[in-house]
Structures are given as structure tokens and as C-alpha cells.
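Shown next: model.json, containing JSON, C-alpha atoms and all ligand atoms.
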```json
[["chain", "number", "residue", "atom", "x", "y", "z"],
["T", 1, "GLN", "CA", 22.63, 3.25, -10.19],
["T", 2, "PRO", "CA", 19.69, 1.14, -11.40],
["T", 3, "LEU", "CA", 20.13, -2.64, -11.62],
["T", 4, "LEU", "CA", 19.04, -2.56, -15.24],
["T", 5, "LEU", "CA", 18.93, 0.28, -17.72],
["T", 6, "VAL", "CA", 17.60, -0.20, -21.26],
["T", 7, "GLU", "CA", 17.98, 2.60, -23.80],
["T", 8, "ASN", "CA", 16.44, 2.85, -27.24],
["T", 9, "LEU", "CA", 16.42, -0.92, -27.74],
["T", 10, "VAL", "CA", 15.44, -2.13, -31.21],
["T", 11, "THR", "CA", 15.01, -5.77, -32.23],
["T", 12, "SER", "CA", 13.92, -6.59, -35.74],
["T", 13, "PHE", "CA", 13.44, -9.75, -37.78],
["T", 14, "PRO", "CA", 13.68, -10.15, -41.56],
["T", 15, "LEU", "CA", 10.43, -10.82, -43.43],
["T", 16, "GLU", "CA", 10.26, -13.54, -46.05],
["T", 17, "GLY", "CA", 9.13, -11.15, -48.77],
["T", 18, "GLY", "CA", 11.79, -8.56, -47.87],
["T", 19, "GLY", "CA", 11.72, -5.76, -45.30],
["T", 20, "ARG", "CA", 11.82, -6.18, -41.53],
["T", 21, "ILE", "CA", 9.45, -6.39, -38.55],
["T", 22, "HIS", "CA", 10.40, -4.17, -35.65],
["T", 23, "ALA", "CA", 9.22, -6.36, -32.77],
["T", 24, "VAL", "CA", 10.86, -4.02, -30.27],
["T", 25, "ASN", "CA", 10.88, -0.47, -31.53],
["T", 26, "GLY", "CA", 12.95, 1.90, -29.41],
["T", 27, "VAL", "CA", 12.27, 0.84, -25.81],
["T", 28, "ASP", "CA", 13.64, 2.71, -22.77],
["T", 29, "LEU", "CA", 13.20, 1.31, -19.28],
["T", 30, "GLY", "CA", 14.94, 1.10, -15.92],
["T", 31, "LEU", "CA", 14.70, -1.29, -13.00],
["T", 32, "GLN", "CA", 15.86, -0.45, -9.49],
["T", 33, "ARG", "CA", 17.19, -3.08, -7.07],
["T", 34, "GLY", "CA", 14.37, -4.76, -5.19],
["T", 35, "GLU", "CA", 11.78, -3.42, -7.62],
["T", 36, "THR", "CA", 9.16, -5.26, -9.67],
["T", 37, "LEU", "CA", 8.44, -3.72, -13.05],
["T", 38, "GLY", "CA", 5.37, -5.17, -14.73],
["T", 39, "ILE", "CA", 5.25, -5.14, -18.54],
["T", 40, "VAL", "CA", 1.72, -5.51, -19.83],
["T", 41, "GLY", "CA", 0.18, -5.72, -23.30],
["T", 42, "GLU", "CA", -1.72, -8.04, -25.62],
["T", 43, "SER", "CA", -0.01, -11.11, -27.00],
["T", 44, "GLY", "CA", 2.21, -10.24, -29.95],
["T", 45, "CYS", "CA", 3.04, -6.73, -28.69],
["T", 46, "GLY", "CA", 6.71, -7.63, -28.27],
["T", 47, "LYS", "CA", 6.91, -8.22, -24.48],
["T", 48, "SER", "CA", 8.62, -11.61, -24.75],
["T", 49, "THR", "CA", 10.97, -10.40, -27.49],
["T", 50, "LEU", "CA", 11.82, -7.37, -25.34],
["T", 51, "VAL", "CA", 12.91, -9.43, -22.32],
["T", 52, "ARG", "CA", 14.69, -11.99, -24.50],
["T", 53, "SER", "CA", 16.56, -9.11, -26.14],
["T", 54, "ILE", "CA", 17.52, -7.75, -22.70],
["T", 55, "LEU", "CA", 18.93, -11.17, -21.76],
["T", 56, "ARG", "CA", 20.48, -11.48, -25.25],
["T", 57, "LEU", "CA", 18.64, -14.72, -25.95],
["T", 58, "VAL", "CA", 17.68, -12.74, -29.07],
["T", 59, "GLU", "CA", 20.26, -10.31, -30.49],
["T", 60, "PRO", "CA", 18.97, -6.72, -30.58],
["T", 61, "ALA", "CA", 19.65, -4.64, -33.71],
["T", 62, "SER", "CA", 20.62, -1.52, -31.75],
["T", 63, "GLY", "CA", 20.36, 0.24, -28.42],
["T", 64, "ARG", "CA", 21.89, -0.30, -25.01],
["T", 65, "VAL", "CA", 21.34, -2.70, -22.12],
["T", 66, "ARG", "CA", 23.25, -1.98, -18.92],
["T", 67, "PHE", "CA", 23.20, -4.45, -16.03],
["T", 68, "GLU", "CA", 24.86, -3.03, -12.91],
["T", 69, "GLY", "CA", 26.41, -0.50, -15.25],
["T", 70, "GLU", "CA", 27.94, -3.16, -17.53],
["T", 71, "ASP", "CA", 27.07, -3.06, -21.24],
["T", 72, "LEU", "CA", 25.52, -6.50, -21.90],
["T", 73, "LEU", "CA", 25.40, -6.04, -25.67],
["T", 74, "GLY", "CA", 29.18, -5.56, -25.76],
["T", 75, "LEU", "CA", 29.99, -8.75, -23.79],
["T", 76, "SER", "CA", 31.73, -11.71, -25.41],
["T", 77, "LYS", "CA", 29.82, -15.01, -25.38],
["T", 78, "PRO", "CA", 31.84, -16.51, -22.47],
["T", 79, "ALA", "CA", 31.51, -13.31, -20.41],
["T", 80, "LEU", "CA", 27.77, -13.29, -21.15],
["T", 81, "ARG", "CA", 27.44, -16.93, -20.04],
["T", 82, "ARG", "CA", 29.03, -16.05, -16.69],
["T", 83, "ARG", "CA", 26.76, -13.00, -16.35],
["T", 84, "ARG", "CA", 23.64, -15.09, -17.05],
["T", 85, "ARG", "CA", 23.96, -16.50, -13.53],
["T", 86, "ASP", "CA", 22.64, -13.16, -12.31],
["T", 87, "MET", "CA", 19.66, -13.08, -14.71],
["T", 88, "GLN", "CA", 17.19, -15.94, -14.85],
["T", 89, "LEU", "CA", 14.01, -16.52, -16.84],
["T", 90, "VAL", "CA", 10.79, -18.23, -15.69],
["T", 91, "PHE", "CA", 8.52, -19.39, -18.52],
["T", 92, "GLN", "CA", 4.74, -19.60, -18.76],
["T", 93, "ASP", "CA", 5.09, -23.35, -19.26],
["T", 94, "PRO", "CA", 7.46, -24.71, -16.61],
["T", 95, "MET", "CA", 7.97, -27.80, -18.77],
["T", 96, "ALA", "CA", 10.03, -25.56, -21.04],
["T", 97, "SER", "CA", 12.78, -25.64, -18.41],
["T", 98, "LEU", "CA", 12.13, -29.13, -16.95],
["T", 99, "ASP", "CA", 13.16, -32.18, -18.92],
["T", 100, "PRO", "CA", 10.33, -34.76, -18.53],
["T", 101, "ARG", "CA", 12.88, -37.61, -18.59],
["T", 102, "PHE", "CA", 14.80, -36.28, -15.58],
["T", 103, "THR", "CA", 13.88, -36.27, -11.92],
["T", 104, "VAL", "CA", 13.10, -32.89, -10.42],
["T", 105, "GLY", "CA", 16.31, -33.21, -8.37],
["T", 106, "ARG", "CA", 18.40, -33.61, -11.49],
["T", 107, "SER", "CA", 16.74, -30.63, -13.23],
["T", 108, "LEU", "CA", 17.31, -28.43, -10.18],
["T", 109, "ALA", "CA", 20.93, -29.53, -9.82],
["T", 110, "GLU", "CA", 21.71, -28.91, -13.50],
["T", 111, "PRO", "CA", 22.44, -25.17, -13.26],
["T", 112, "LEU", "CA", 24.78, -25.91, -10.34],
["T", 113, "VAL", "CA", 26.59, -28.54, -12.41],
["T", 114, "VAL", "CA", 26.86, -26.20, -15.41],
["T", 115, "HIS", "CA", 28.44, -23.50, -13.25],
["T", 116, "GLY", "CA", 30.68, -26.00, -11.40],
["T", 117, "LEU", "CA", 29.15, -25.34, -7.98],
["T", 118, "GLY", "CA", 29.50, -27.84, -5.12],
["T", 119, "ASN", "CA", 30.09, -31.58, -4.99],
["T", 120, "ARG", "CA", 27.30, -34.12, -5.33],
["T", 121, "ALA", "CA", 26.30, -34.05, -1.64],
["T", 122, "GLU", "CA", 26.35, -30.25, -1.54],
["T", 123, "ARG", "CA", 24.18, -30.07, -4.64],
["T", 124, "GLN", "CA", 21.69, -32.52, -3.14],
["T", 125, "ALA", "CA", 21.48, -30.39, -0.02],
["T", 126, "ARG", "CA", 20.97, -27.28, -2.15],
["T", 127, "VAL", "CA", 18.19, -28.99, -4.12],
["T", 128, "ALA", "CA", 16.39, -29.92, -0.87],
["T", 129, "GLU", "CA", 16.78, -26.34, 0.35],
["T", 130, "LEU", "CA", 15.42, -24.95, -2.95],
["T", 131, "LEU", "CA", 12.36, -27.22, -2.79],
["T", 132, "GLU", "CA", 11.60, -26.11, 0.75],
["T", 133, "THR", "CA", 12.09, -22.47, -0.25],
["T", 134, "VAL", "CA", 9.31, -22.77, -2.83],
["T", 135, "GLY", "CA", 7.01, -24.66, -0.46],
["T", 136, "LEU", "CA", 7.54, -28.23, -1.70],
["T", 137, "ASP", "CA", 8.59, -31.36, 0.14],
["T", 138, "PRO", "CA", 12.31, -32.19, -0.36],
["T", 139, "GLY", "CA", 11.14, -35.70, -1.31],
["T", 140, "ALA", "CA", 9.95, -34.15, -4.59],
["T", 141, "ALA", "CA", 13.56, -34.39, -5.79],
["T", 142, "SER", "CA", 13.20, -38.09, -6.65],
["T", 143, "ARG", "CA", 9.96, -37.64, -8.61],
["T", 144, "TYR", "CA", 9.28, -36.66, -12.24],
["T", 145, "PRO", "CA", 7.65, -33.44, -13.52],
["T", 146, "HIS", "CA", 4.49, -35.23, -14.77],
["T", 147, "GLU", "CA", 3.74, -36.31, -11.18],
["T", 148, "PHE", "CA", 3.05, -32.69, -10.18],
["T", 149, "SER", "CA", 0.15, -30.28, -10.73],
["T", 150, "GLY", "CA", 0.60, -27.16, -12.88],
["T", 151, "GLY", "CA", 1.04, -24.95, -9.82],
["T", 152, "GLN", "CA", 3.61, -27.31, -8.28],
["T", 153, "ARG", "CA", 5.49, -27.48, -11.58],
["T", 154, "GLN", "CA", 5.67, -23.69, -11.68],
["T", 155, "ARG", "CA", 7.09, -23.77, -8.13],
["T", 156, "ILE", "CA", 9.76, -26.15, -9.44],
["T", 157, "GLY", "CA", 10.42, -23.80, -12.39],
["T", 158, "ILE", "CA", 10.88, -20.95, -9.91],
["T", 159, "ALA", "CA", 13.19, -23.10, -7.75],
["T", 160, "ARG", "CA", 15.35, -23.73, -10.80],
["T", 161, "ALA", "CA", 15.44, -20.01, -11.62],
["T", 162, "ILE", "CA", 16.68, -19.10, -8.11],
["T", 163, "ALA", "CA", 19.17, -22.00, -7.86],
["T", 164, "LEU", "CA", 22.14, -19.76, -8.72],
["T", 165, "ALA", "CA", 21.00, -16.89, -6.45],
["T", 166, "PRO", "CA", 20.32, -14.45, -9.33],
["T", 167, "LYS", "CA", 19.83, -10.71, -8.94],
["T", 168, "LEU", "CA", 17.21, -10.36, -11.67],
["T", 169, "VAL", "CA", 14.40, -12.80, -12.42],
["T", 170, "VAL", "CA", 12.39, -12.30, -15.61],
["T", 171, "LEU", "CA", 8.94, -13.88, -15.37],
["T", 172, "ASP", "CA", 7.19, -14.36, -18.73],
["T", 173, "GLU", "CA", 3.46, -14.95, -18.05],
["T", 174, "PRO", "CA", 4.35, -17.19, -15.07],
["T", 175, "VAL", "CA", 0.76, -17.66, -13.85],
["T", 176, "SER", "CA", -1.20, -17.35, -17.11],
["T", 177, "ALA", "CA", -1.67, -21.11, -17.49],
["T", 178, "LEU", "CA", -2.86, -21.59, -13.88],
["T", 179, "ASP", "CA", -6.32, -21.51, -12.26],
["T", 180, "VAL", "CA", -7.12, -18.22, -10.55],
["T", 181, "SER", "CA", -6.85, -19.67, -7.01],
["T", 182, "ILE", "CA", -3.44, -21.17, -7.82],
["T", 183, "GLN", "CA", -2.37, -17.90, -9.49],
["T", 184, "SER", "CA", -2.59, -15.99, -6.23],
["T", 185, "GLN", "CA", -0.61, -18.67, -4.36],
["T", 186, "VAL", "CA", 2.21, -18.46, -6.89],
["T", 187, "LEU", "CA", 2.12, -14.62, -6.87],
["T", 188, "ASN", "CA", 2.34, -14.68, -3.06],
["T", 189, "LEU", "CA", 5.31, -17.05, -3.26],
["T", 190, "LEU", "CA", 7.03, -14.71, -5.75],
["T", 191, "MET", "CA", 6.48, -11.66, -3.53],
["T", 192, "ASP", "CA", 7.77, -13.57, -0.51],
["T", 193, "LEU", "CA", 10.89, -14.77, -2.38],
["T", 194, "LYS", "CA", 11.61, -11.26, -3.58],
["T", 195, "GLU", "CA", 11.78, -10.03, 0.01],
["T", 196, "ARG", "CA", 13.70, -13.00, 1.39],
["T", 197, "LEU", "CA", 16.24, -13.27, -1.41],
["T", 198, "GLY", "CA", 16.55, -9.61, -2.39],
["T", 199, "LEU", "CA", 15.43, -10.25, -5.98],
["T", 200, "SER", "CA", 14.31, -7.79, -8.64],
["T", 201, "TYR", "CA", 11.64, -8.78, -11.15],
["T", 202, "LEU", "CA", 10.63, -7.99, -14.68],
["T", 203, "PHE", "CA", 7.12, -9.43, -14.75],
["T", 204, "ILE", "CA", 5.36, -9.90, -18.08],
["T", 205, "SER", "CA", 1.64, -10.49, -18.44],
["T", 206, "HIS", "CA", -1.27, -9.75, -20.75],
["T", 207, "ASP", "CA", -3.42, -9.45, -17.59],
["T", 208, "LEU", "CA", -3.32, -6.00, -16.00],
["T", 209, "GLY", "CA", -5.03, -7.34, -12.86],
["T", 210, "VAL", "CA", -2.18, -9.80, -12.25],
["T", 211, "VAL", "CA", 0.45, -7.16, -13.05],
["T", 212, "HIS", "CA", -1.16, -4.70, -10.64],
["T", 213, "ALA", "CA", -1.09, -7.28, -7.82],
["T", 214, "ILE", "CA", 2.66, -7.82, -7.98],
["T", 215, "SER", "CA", 4.27, -4.72, -9.52],
["T", 216, "ASP", "CA", 5.70, -1.55, -8.04],
["T", 217, "ARG", "CA", 5.70, 0.10, -11.46],
["T", 218, "VAL", "CA", 4.06, -0.86, -14.74],
["T", 219, "ALA", "CA", 5.05, -0.30, -18.36],
["T", 220, "VAL", "CA", 2.29, -0.71, -20.96],
["T", 221, "MET", "CA", 3.48, -1.99, -24.32],
["T", 222, "TYR", "CA", 1.78, -1.68, -27.68],
["T", 223, "LEU", "CA", 3.21, -2.83, -31.01],
["T", 224, "GLY", "CA", 6.84, -2.80, -29.89],
["T", 225, "ARG", "CA", 6.70, 0.48, -27.95],
["T", 226, "ILE", "CA", 6.17, 1.44, -24.32],
["T", 227, "VAL", "CA", 3.15, 3.77, -24.43],
["T", 228, "GLU", "CA", 2.73, 4.49, -20.70],
["T", 229, "THR", "CA", 4.80, 4.00, -17.54],
["T", 230, "ALA", "CA", 3.64, 4.78, -14.00],
["T", 231, "SER", "CA", 3.52, 3.38, -10.49],
["T", 232, "ALA", "CA", 1.10, 0.44, -10.30],
["T", 233, "GLU", "CA", -1.23, 2.48, -8.07],
["T", 234, "ARG", "CA", -1.22, 5.50, -10.39],
["T", 235, "LEU", "CA", -1.70, 3.44, -13.52],
["T", 236, "PHE", "CA", -4.66, 1.63, -11.99],
["T", 237, "THR", "CA", -6.43, 4.67, -10.58],
["T", 238, "ASP", "CA", -5.50, 7.37, -13.09],
["T", 239, "PRO", "CA", -4.38, 5.90, -16.43],
["T", 240, "ALA", "CA", -3.55, 8.43, -19.14],
["T", 241, "HIS", "CA", -3.22, 6.44, -22.37],
["T", 242, "PRO", "CA", -6.44, 5.31, -24.11],
["T", 243, "TYR", "CA", -4.90, 1.85, -24.56],
["T", 244, "THR", "CA", -4.26, 1.52, -20.81],
["T", 245, "GLU", "CA", -7.86, 2.64, -20.17],
["T", 246, "ALA", "CA", -9.12, -0.04, -22.51],
["T", 247, "LEU", "CA", -6.98, -2.74, -20.83],
["T", 248, "LEU", "CA", -8.35, -1.60, -17.46],
["T", 249, "ALA", "CA", -11.93, -1.99, -18.68],
["T", 250, "ALA", "CA", -11.26, -5.75, -18.78],
["T", 251, "VAL", "CA", -10.06, -5.89, -15.14],
["T", 252, "PRO", "CA", -12.77, -6.63, -12.55],
["T", 253, "GLN", "CA", -12.89, -3.79, -9.96],
["T", 254, "PRO", "CA", -14.16, -5.02, -6.60],
["T", 255, "ASP", "CA", -14.37, -1.50, -5.14],
["T", 256, "PRO", "CA", -17.46, 0.22, -6.64],
["T", 257, "ALA", "CA", -16.05, 3.68, -5.86],
["T", 258, "ARG", "CA", -13.22, 2.93, -8.26],
["T", 259, "ARG", "CA", -15.38, 1.25, -10.87],
["T", 260, "ARG", "CA", -15.67, 3.59, -13.80],
["T", 261, "ARG", "CA", -17.24, 3.15, -17.17],
["T", 262, "ARG", "CA", -14.48, 2.48, -19.64],
["T", 263, "ALA", "CA", -14.75, 1.52, -23.26],
["T", 264, "PRO", "CA", -13.46, -2.05, -23.73],
["T", 265, "LEU", "CA", -10.84, -2.78, -26.34],
["T", 266, "GLU", "CA", -12.21, -3.28, -29.84],
["T", 267, "GLY", "CA", -10.63, -5.31, -32.62],
["T", 268, "GLU", "CA", -7.28, -7.03, -32.92],
["T", 269, "PRO", "CA", -3.85, -5.43, -32.63],
["T", 270, "PRO", "CA", -2.50, -4.56, -36.10],
["T", 271, "SER", "CA", 0.22, -6.76, -37.55],
["T", 272, "PRO", "CA", 3.74, -5.52, -36.78],
["T", 273, "GLU", "CA", 4.49, -6.33, -40.42],
["T", 274, "ARG", "CA", 2.37, -3.34, -41.46],
["T", 275, "PRO", "CA", 2.30, -0.95, -38.52],
["T", 276, "PRO", "CA", -0.20, 1.92, -38.86],
["T", 277, "SER", "CA", 1.16, 5.39, -39.58],
["T", 278, "GLY", "CA", 1.45, 7.90, -36.74],
["T", 279, "CYS", "CA", 0.26, 6.59, -33.38],
["T", 280, "PRO", "CA", 0.13, 2.80, -33.79],
["T", 281, "PHE", "CA", -3.03, 2.67, -31.63],
["T", 282, "HIS", "CA", -5.02, 5.11, -33.82],
["T", 283, "PRO", "CA", -7.12, 2.51, -35.72],
["T", 284, "ARG", "CA", -8.55, 1.26, -32.39],
["T", 285, "CYS", "CA", -8.51, 4.47, -30.38],
["T", 286, "PRO", "CA", -11.89, 6.03, -29.44],
["T", 287, "LYS", "CA", -10.15, 9.40, -28.96],
["T", 288, "ALA", "CA", -8.09, 9.49, -32.18],
["T", 289, "MET", "CA", -7.61, 12.90, -33.83],
["T", 290, "ALA", "CA", -6.28, 13.87, -37.27],
["T", 291, "VAL", "CA", -2.75, 14.35, -35.94],
["T", 292, "CYS", "CA", -2.75, 10.79, -34.60],
["T", 293, "ARG", "CA", -2.76, 9.32, -38.11],
["T", 294, "ALA", "CA", 0.25, 11.35, -39.20],
["T", 295, "VAL", "CA", 2.63, 11.85, -36.28],
["T", 296, "VAL", "CA", 4.18, 9.33, -33.86],
["T", 297, "PRO", "CA", 3.66, 10.76, -30.35],
["T", 298, "GLU", "CA", 6.81, 11.43, -28.33],
["T", 299, "PRO", "CA", 7.02, 10.50, -24.63],
["T", 300, "ARG", "CA", 5.66, 13.18, -22.25],
["T", 301, "GLN", "CA", 6.17, 13.32, -18.52],
["T", 302, "LEU", "CA", 2.84, 13.97, -16.73],
["T", 303, "SER", "CA", 4.27, 13.81, -13.20],
["T", 304, "ALA", "CA", 7.28, 12.24, -11.48],
["T", 305, "GLY", "CA", 7.51, 8.66, -12.77],
["T", 306, "HIS", "CA", 4.43, 8.93, -15.01],
["T", 307, "GLU", "CA", 5.20, 9.03, -18.73],
["T", 308, "VAL", "CA", 2.85, 8.67, -21.70],
["T", 309, "ARG", "CA", 3.05, 8.67, -25.50],
["T", 310, "CYS", "CA", -0.20, 10.17, -26.70],
["T", 311, "HIS", "CA", -1.20, 13.38, -28.53],
["T", 312, "LEU", "CA", -3.92, 14.06, -25.95],
["T", 313, "TYR", "CA", -1.07, 15.28, -23.73],
["T", 314, "GLY", "CA", 0.72, 17.41, -26.35],
["Z", 1, "LIG", "FE1", -5.40, 7.75, -29.32],
["Z", 1, "LIG", "FE2", -4.17, 9.71, -30.63],
["Z", 1, "LIG", "FE3", -3.46, 9.14, -28.15],
["Z", 1, "LIG", "FE4", -2.87, 7.49, -30.14],
["Z", 1, "LIG", "S1", -2.09, 9.55, -29.87],
["Z", 1, "LIG", "S2", -3.67, 6.93, -28.16],
["Z", 1, "LIG", "S3", -4.65, 7.68, -31.42],
["Z", 1, "LIG", "S4", -5.45, 9.92, -28.83],
["Z", 2, "MG", "MG", 4.78, -13.77, -25.06]]
```
Render the structure in this file as C-alpha cells.
Amino acid sequence: QPLLLVENLVTSFPLEGGGRIHAVNGVDLGLQRGETLGIVGESGCGKSTLVRSILRLVEPASGRVRFEGEDLLGLSKPALRRRRRDMQLVFQDPMASLDPRFTVGRSLAEPLVVHGLGNRAERQARVAELLETVGLDPGAASRYPHEFSGGQRQRIGIARAIALAPKLVVLDEPVSALDVSIQSQVLNLLMDLKERLGLSYLFISHDLGVVHAISDRVAVMYLGRIVETASAERLFTDPAHPYTEALLAAVPQPDPARRRRRAPLEGEPPSPERPPSGCPFHPRCPKAMAVCRAVVPEPRQLSAGHEVRCHLYG
């Protein structure tokens, strides 16, 4: 049984002038225990809305989300609150989860207080342990978020996310605001924590290079749909979808044997308010055919674990 199973998830928002935007438009995905699934795509493609819908921070319009076999969309609010202990979110900006007026120790103890865990001394000990786990000095507990660098603040954000020993951690662009050298330190910390704590990750980024470094499998998202899913290795060496190829063109390839000429991505993603007919990528696709303008491609399995939505594989 997978840890997480998402089936035909749809999340839509009303438009001011009438009609609806389908920010998430029929997404299927699964996550095994101990696995990292990367979700990659340009900003506005629906990645953040997708994971917020999975956690029910946004209410989906239809579909199914099963966590350890339990239907999350059918849970009452109190049952959902208890379940949230198992599913934590790390934001791009760690200040989104750290109150600048509170010491780091207070922010880290807060989830323990909310869930009624431990007395004051036990919580203090847990906070010290959490800080050490993410590579910070336990003395950080008495300091304030503004006293730390961006990378240190993200370590604190991660410490808060693991405070309740969750099973699933959703990371929404966790290193996008950091310098490249700091990015790899935080990615290494995340990979280390996953092993030590037995975590599973949904890892969102617009940067395919970052996603490749940390993911076991990758799902590529475009305009509310998953257009390709494969192992990270397969997706990087043998992408099938023209959109994935274009994203790869932007990733520096240190190994010249693997450096191929790829057409970079042209233009902006279309507005989800007025999605193109047929394949939503057709206005930007260098390989578009007549059928692409008329018919939405269905998912095709190319090999075990490698799925694509594109008429080139009809
Ligand atoms: Fe390009 Fe057509 Fe494939 Fe869409 S279906 S990605 S337009 S070739
Ligand atoms: Mg986002």
C-alpha cells in the first residue's frame, strides 16, 4: 500500500467575471514510504495548489486523496487536525512558519503545545534535540529568527516541520530563495533526515536540477496536469515530453557525454483562465501537430514507471 495515493484530483477557483479556473485538473499520483517524489514545473502551473489540496489546506472540488489508505477528503475537521500531525509543510520562506516576535524555541515548541505533548521541561529538551538534528546549536532556542541567515532559518523551518515526527513532509520550493552553495547544504540535510527519520517527501521546485538531485521519481506538471512521470534518472537522461525536454535545456549538464542540444523554452505559460484547446502545451511546442490543437492527449505508459501525455507517443 502506498503512503499516499491521489486519484483524479481537481481543484478549481471561481473567476470574478464568472466561470472557473482549474488550477489542478485531474491529477493522479502515488508516493511510496521512504520515497521522494519531485514535482516540477514553471510557477503558476498548479504545484503549490496541488500539494495544498492534498493536505486539504485548499478544498479540492473532486477526486480522491488516500493517506495510508484513509480517505482524507472524507475526514471531519477534528479528525483531519489529528491527521495533520503526520503531514507537514515546509515553505519557500521559512518566515511563513516562524513568528518574528517569538524566540526560535517558542516557535519550535508550538506544535508540541498544540498537540498537548510533554511538559515544559520535556518540550525544552525536544527543542534542543530538534536544533541539533538540523545542525544548529541548541543555544539558538533563545534567539529570534532575524538573527539567523536564510539557510539557518530554513533549517529552523525544517526542525519545526519534523517536531511531531511526521510521516510525510511536503517541501514547497524549500531552497529556491537560497544561494547555490547553501542550497546543496540544505538538500544534503533533507536527504540525511529522510534516512534517519524514515520520512517520505513531496518536493516541489521550478528547478529540474534541484529536483533531480533529491528525487527518486519526478512528476512534470504543466497547466494543472501531470504531463510526464518517470524515475529521476530516466527523466534526466531520456525525457519523452517536449516540455520536459525544454525544462532540461535550462539545466547545466556537467558531463559532456550527456549534454545534448535541446531547444530552450519559449514564451510564457498560458493563463489557466483561458487554457489552450487540445494539448495545453501546443502553443509553445516545437513538435506540435494538427491533432495537438484539437485533442487532449491521454496518459501512455512507455515503460514500467514512465508515463507521458503527448500525441508523439500515440
Ligand atoms: Fe507537443 Fe503535441 Fe506532444 Fe503536446 S501533444 S507536447 S503539442 S507534440
Ligand atoms: Mg508555488
Excluding stretch 208-221 of chain T and its own-chain neighbours fewer than 5 positions away, which residues fall within 9 Å of it when counting all atoms listed in the file? Please give them as a PyMOL selection string.
chain T and resi 29+35-42+45-47+175+183-184+187-188+190-191+201-203+226-236+243-244+247-248+250-252+305
For ligand MG 2 (chain Z), collect every residue having any atom at a distance of at most 7 Å from a ligand atom (counting all atoms listed in the file); output as a count of residues only.
5
For ligand LIG 1 (chain Z), collect every residue having any atom at a distance of at most 9 Å from a ligand atom (counting all atoms listed in the file); output as a ChimeraX atom specification.
/T:227,241-243,278-293,295-297,309-313
Let me make sure I understand: among T:Val113, T:Ile156, T:Ala61, T:Thr11, which one has the smallest atom-to-atom distance to T:Arg143 if we use only C-alpha atoms?
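Counting only C-alpha atoms, the residue closest to T:Arg143 is T:Ile156.
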Taking 2 positions as the minimum chain separation for residues in the same chain, which residues sit within 8 Å of T:Leu89 when counting only C-alpha atoms? Answer as a compact mmCIF listing (two decimals) with C-alpha atoms, in the frame of the given file.
```txt
# COMPACT_ATOMS: atom_id res chain seq x y z
CA MET T 87 19.66 -13.08 -14.71
CA PHE T 91 8.52 -19.39 -18.52
CA ALA T 161 15.44 -20.01 -11.62
CA VAL T 169 14.40 -12.80 -12.42
CA VAL T 170 12.39 -12.30 -15.61
CA LEU T 171 8.94 -13.88 -15.37
CA ASP T 172 7.19 -14.36 -18.73
```
Just want the 12 Å neighbourhood of T:Glu132, counted on all atoms listed in the file, with same-chain residues fewer than 2 positions away dropped. Output as an MDAnalysis selection string.
chainID T and resid 125:130 134:141 155:156 158:159 189 193
For T:Ser97: contacts at 12 Å, only C-alpha atoms, fewer than 4 positions along chain excluded, given as a PDB file with C-alpha atoms, keeping the file's coordinate frame:
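And here is the file that came out, result-v8.pdb:
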```
ATOM      1  CA  GLN T  88      17.190 -15.940 -14.850  1.00  0.00           C
ATOM      2  CA  LEU T  89      14.010 -16.520 -16.840  1.00  0.00           C
ATOM      3  CA  VAL T  90      10.790 -18.230 -15.690  1.00  0.00           C
ATOM      4  CA  PHE T  91       8.520 -19.390 -18.520  1.00  0.00           C
ATOM      5  CA  GLN T  92       4.740 -19.600 -18.760  1.00  0.00           C
ATOM      6  CA  ASP T  93       5.090 -23.350 -19.260  1.00  0.00           C
ATOM      7  CA  ARG T 101      12.880 -37.610 -18.590  1.00  0.00           C
ATOM      8  CA  PHE T 102      14.800 -36.280 -15.580  1.00  0.00           C
ATOM      9  CA  VAL T 104      13.100 -32.890 -10.420  1.00  0.00           C
ATOM     10  CA  ARG T 106      18.400 -33.610 -11.490  1.00  0.00           C
ATOM     11  CA  SER T 107      16.740 -30.630 -13.230  1.00  0.00           C
ATOM     12  CA  LEU T 108      17.310 -28.430 -10.180  1.00  0.00           C
ATOM     13  CA  GLU T 110      21.710 -28.910 -13.500  1.00  0.00           C
ATOM     14  CA  PRO T 111      22.440 -25.170 -13.260  1.00  0.00           C
ATOM     15  CA  PRO T 145       7.650 -33.440 -13.520  1.00  0.00           C
ATOM     16  CA  ARG T 153       5.490 -27.480 -11.580  1.00  0.00           C
ATOM     17  CA  GLN T 154       5.670 -23.690 -11.680  1.00  0.00           C
ATOM     18  CA  ARG T 155       7.090 -23.770  -8.130  1.00  0.00           C
ATOM     19  CA  ILE T 156       9.760 -26.150  -9.440  1.00  0.00           C
ATOM     20  CA  GLY T 157      10.420 -23.800 -12.390  1.00  0.00           C
ATOM     21  CA  ILE T 158      10.880 -20.950  -9.910  1.00  0.00           C
ATOM     22  CA  ALA T 159      13.190 -23.100  -7.750  1.00  0.00           C
ATOM     23  CA  ARG T 160      15.350 -23.730 -10.800  1.00  0.00           C
ATOM     24  CA  ALA T 161      15.440 -20.010 -11.620  1.00  0.00           C
TER      25      ALA T 161
END
```
Pick from T:Ala240, T:Leu131, T:Leu199, T:Leu80 nearest to T:Leu302, counting all atoms listed in the file:
T:Ala240
What are the centre and the three edge lengths of an axis-aligned box that wraps all atoms of stretch 166-171 of chain T in the file, given that 5 Å is added to every side, written as JSON and rounded to one decimal in Å?
```
{"center_x": 14.6, "center_y": -12.4, "center_z": -12.3, "size_x": 21.4, "size_y": 14.1, "size_z": 16.7}
```
Have a look at T:Gly26, T:Pro299, T:Pro100, T:Pro272 and name the one nearest to T:Arg64; count all atoms listed in the file.
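Using all atoms listed in the file, T:Arg64 sits closest to T:Gly26.
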With all atoms listed in the file as the atoms that count, which of T:Gln152, T:Leu72, T:Val51, T:Lys167 lies nearest to T:Ser205?
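Nearest candidate to T:Ser205 out of T:Gln152, T:Leu72, T:Val51, T:Lys167: T:Val51.
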Using Å and a single decimal, report how far atom CA of T:Tyr144 sits from atom CA of T:Val114.
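Value for the atom CA of T:Val114-atom CA of T:Tyr144 distance: 20.7 Å.
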Give the answer as one residue: which of T:Ser53, T:Gly19, T:Ala165, T:Arg120 has the shortest atom-to-atom distance to T:Arg274, using only C-alpha atoms?
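Residue with the minimum atom-to-atom distance to T:Arg274: T:Gly19.
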Hey, which of T:Gly314, T:His22, T:Ile182, T:Ala163 ends up closest to T:Thr49? Count only C-alpha atoms.
T:His22
What's the 8 Å shell around T:Phe13, counting all atoms listed in the file, without same-chain residues fewer than 6 positions away, as a PyMOL selection string?
chain T and resi 20-23
